[in-house]
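Peer 1: One structure, as structure tokens, below. Some questions next.
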Amino acid sequence: MSGSGPSSLPGAATDGWDPGLLAVVDLVFGSPVAMAFLHGDRLRLIYNDAYGQLLGDRHPDAYGAPAAEVFGAVWAGPAGAAVREALHTGFGPRDPEWPAADDPEPDPALPSRGLSAVRDGTGRIAGVLVVAVEPVPVAHRLQGLSELAESLAGTLTLDEVARVALGYGLSFPDVHQVAFGVDDGDDWRVVRRVRGEVLDDADERLPPVWRRIPADSVSPLAVAAGAGLARFTADGHPLRESALDRHDEKVRALGALPLRTPSLRGALTVGRHDQYPWSPAERALLTAAAKLVAQAAERARRFENQHGTAQLLQRSMLPENLPDDPRFRLAARYDPGVDGNAAGGDFYDAFALPGGRLAVVLGDVAGHDVRAAALMGQVRAALRALALTDPEPTSVLTGLDRLVASLGEEARTDELFVTVTYAVLERDGILTVATAGHPPPLVRHAGGGADYLDVPVGTPLGLGGARRSAVSRLAPGDTLLLFSDGVVERRGLDLGAGLEKVAASVGAANGGDPRSLCAVACAAVGGTTDDDVAVLAVEHATAPSRSAGMEIPAEPTAPGRVRHWMSAQLAAWNVPEQVIGAAVLCASELATNALLHAGTAARVQVDLSAERLLVAVSDTGTRGAVTRAHAETLSSRGRGLGLIEELSDAWGTDPAVRGSTVWFEIGIRASNGA
């Protein structure tokens, strides 16, 4: 049976098989150790030549046959029970006293030890791997291969695939470093882990730090990736010509495994500090692992490409910047629902109107696809055009109603569902609002507490009907919040209860800063939602604030530039020295983290009012929000957001389609002892 492979399995066609299972079959055929893969509910035997010798006269008829038929009465004994236990629980017997010493072991082809459940790419148990002649190191690693498949099944991005692959490589006790790399157009994108690096669980959840190497690099990783051929070095200095540091120089034995799929090229390397002859079984094991990693990396690459397309579409639909108005401070938060792999229908906008007025809008188009995003773009553009002609809210919503009805007729559908809240703010805070099937606006009062505006409930756009508006006043220190239903709706929760929770949380917030209140509103209800979440907040400033910003280049000198610029800017504004010291330290930390973990240029923005100093650092990456679980170790220097927590009065993160923003506030009056 030498030279047989998955394509030649009798009675078990492998077309469409999960790549993880094919990798296990390749491992069986490539191993000199007696191995069999018992596949599927009937546990059909797939085995190599060494295992065939153990079967004796039952070979070759046993190939592809159910285990119960091949082993007969033995299947009812301890060995068969051990296989069934591994199949149903995911673990073989681990008690060294099981089976009992006096239990017979009549069939060397079916041992009760050396068993490992095999999972497919979804994490489902698809069979059992049997090692009949059990070399201890290899047997211990077979379970690791199954766990690798299960871990890779839950990955979505290349960052996650890299983290799992690097962790698997370092699970080998004598491996000192692992590298993972994939093609990135004109060069290779590579990440490395070295045994003994100071990394804990919080850091492990952060994106790895990638570096680039040229396409023609002589490094074994680039050579294996480019040629698509595995290479194992037993002794020497395989990384000498491409060494980055002393860690590379110490490597003597190296395995370089290509990662090849129809749409991806890459490689995985594992290095040791000692001379080591890689056994055929270990080579087969690493080759199988590399195939699992390659399939996961290809899936992640496809996801990231789709995700990037969706984000590009979403970015084109939302405002690049909010108006810079000294009377009104604005902030917005947008968090795409589902898995972030589709463009959403929520939108917000704010723009200046003739006569010094300010228009603010937040809407929701049902759906999470290109059609919803396209409709959202049409509605947003039409709303701005109508408002610049006649900003009165009822006129704007009446015009939008006609537009959506017309689009529905054109598409021959009555399923276009669009809701919106539109408001006009005068210089003195007079507020005129109209809604079309949308949650009512919420006002957080300067002295605390929050109330929903009494606005006539209008029908969603496209359904016709009279449009009515309400007039109110946003007093100095008050903050207006518009939000989508993703903020308040949860499965099993009454909508009214969700609205009450948001009002209670916003009303109890410490201050009316719009950025802080956006975060408070989003966290008020709790739980998860599949819907998009959008919030737009407008504060009627008690006094004009001062703002300044600087771009942070993606280079090591950037944190120092931030410290120098902020120190000079805040001193020029006569900010108290203790506030300057804390703010500069925190901003430098955030700048460092933006560069390390988003990998892009960033921007720092400072806004000073009589009550507080607000500092925000925004990146353009797509790594998602920072959570408080990361607080102690976000920075590579181990201080991270724990420092922000200690030195600021409030901090938070704002996910957005253009990346994420981490911000903090320091109260000015409190620092002066007021």
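Labeling convention for the structure tokens: chains A, B, ... as they appear, residues from 1 per chain, ligands from 1 in order of appearance.
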Quick one: everything within 12 Å of Ile213 in chain A, counting only C-alpha atoms, minus sequence neighbours fewer than 6 positions away in the same chain. Send it as a VMD selection string.
Peer 2: chain A and resid 181 to 191 219 to 223 242 to 244
Peer 1: Which residues, written as a list in words, have at least one atom at most 7 Å from range 547-550 of chain A, with only C-alpha atoms counted and residues fewer than 3 positions away on the same chain left out?
Peer 2: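 So the residues in contact are Arg603, Val604, Gln605, Val606, Asp607 and Leu608 of chain A.
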Peer 1: Can you check which residues of range 336-491 of chain A DSSP gives as alpha helix (DSSP H) on the backbone and send them as number ranges by chain?
Peer 2: A: 370-389, 393-411
Peer 1: Residues at most 7 Å from range 559-568 of chain A, counting only C-alpha atoms, excluding those fewer than 3 positions away in the same chain, as a ChimeraX atom specification?
Peer 2: /A:571-572,580,584,588,591-592
Peer 1: Counting only C-alpha atoms, which of A:Gln275, A:Thr432, A:Thr398, A:Thr233 gets nearest to Leu453 in chain A?
Peer 2: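 Between A:Gln275, A:Thr432, A:Thr398, A:Thr233, the residue approaching Leu453 in chain A most closely is A:Thr432.
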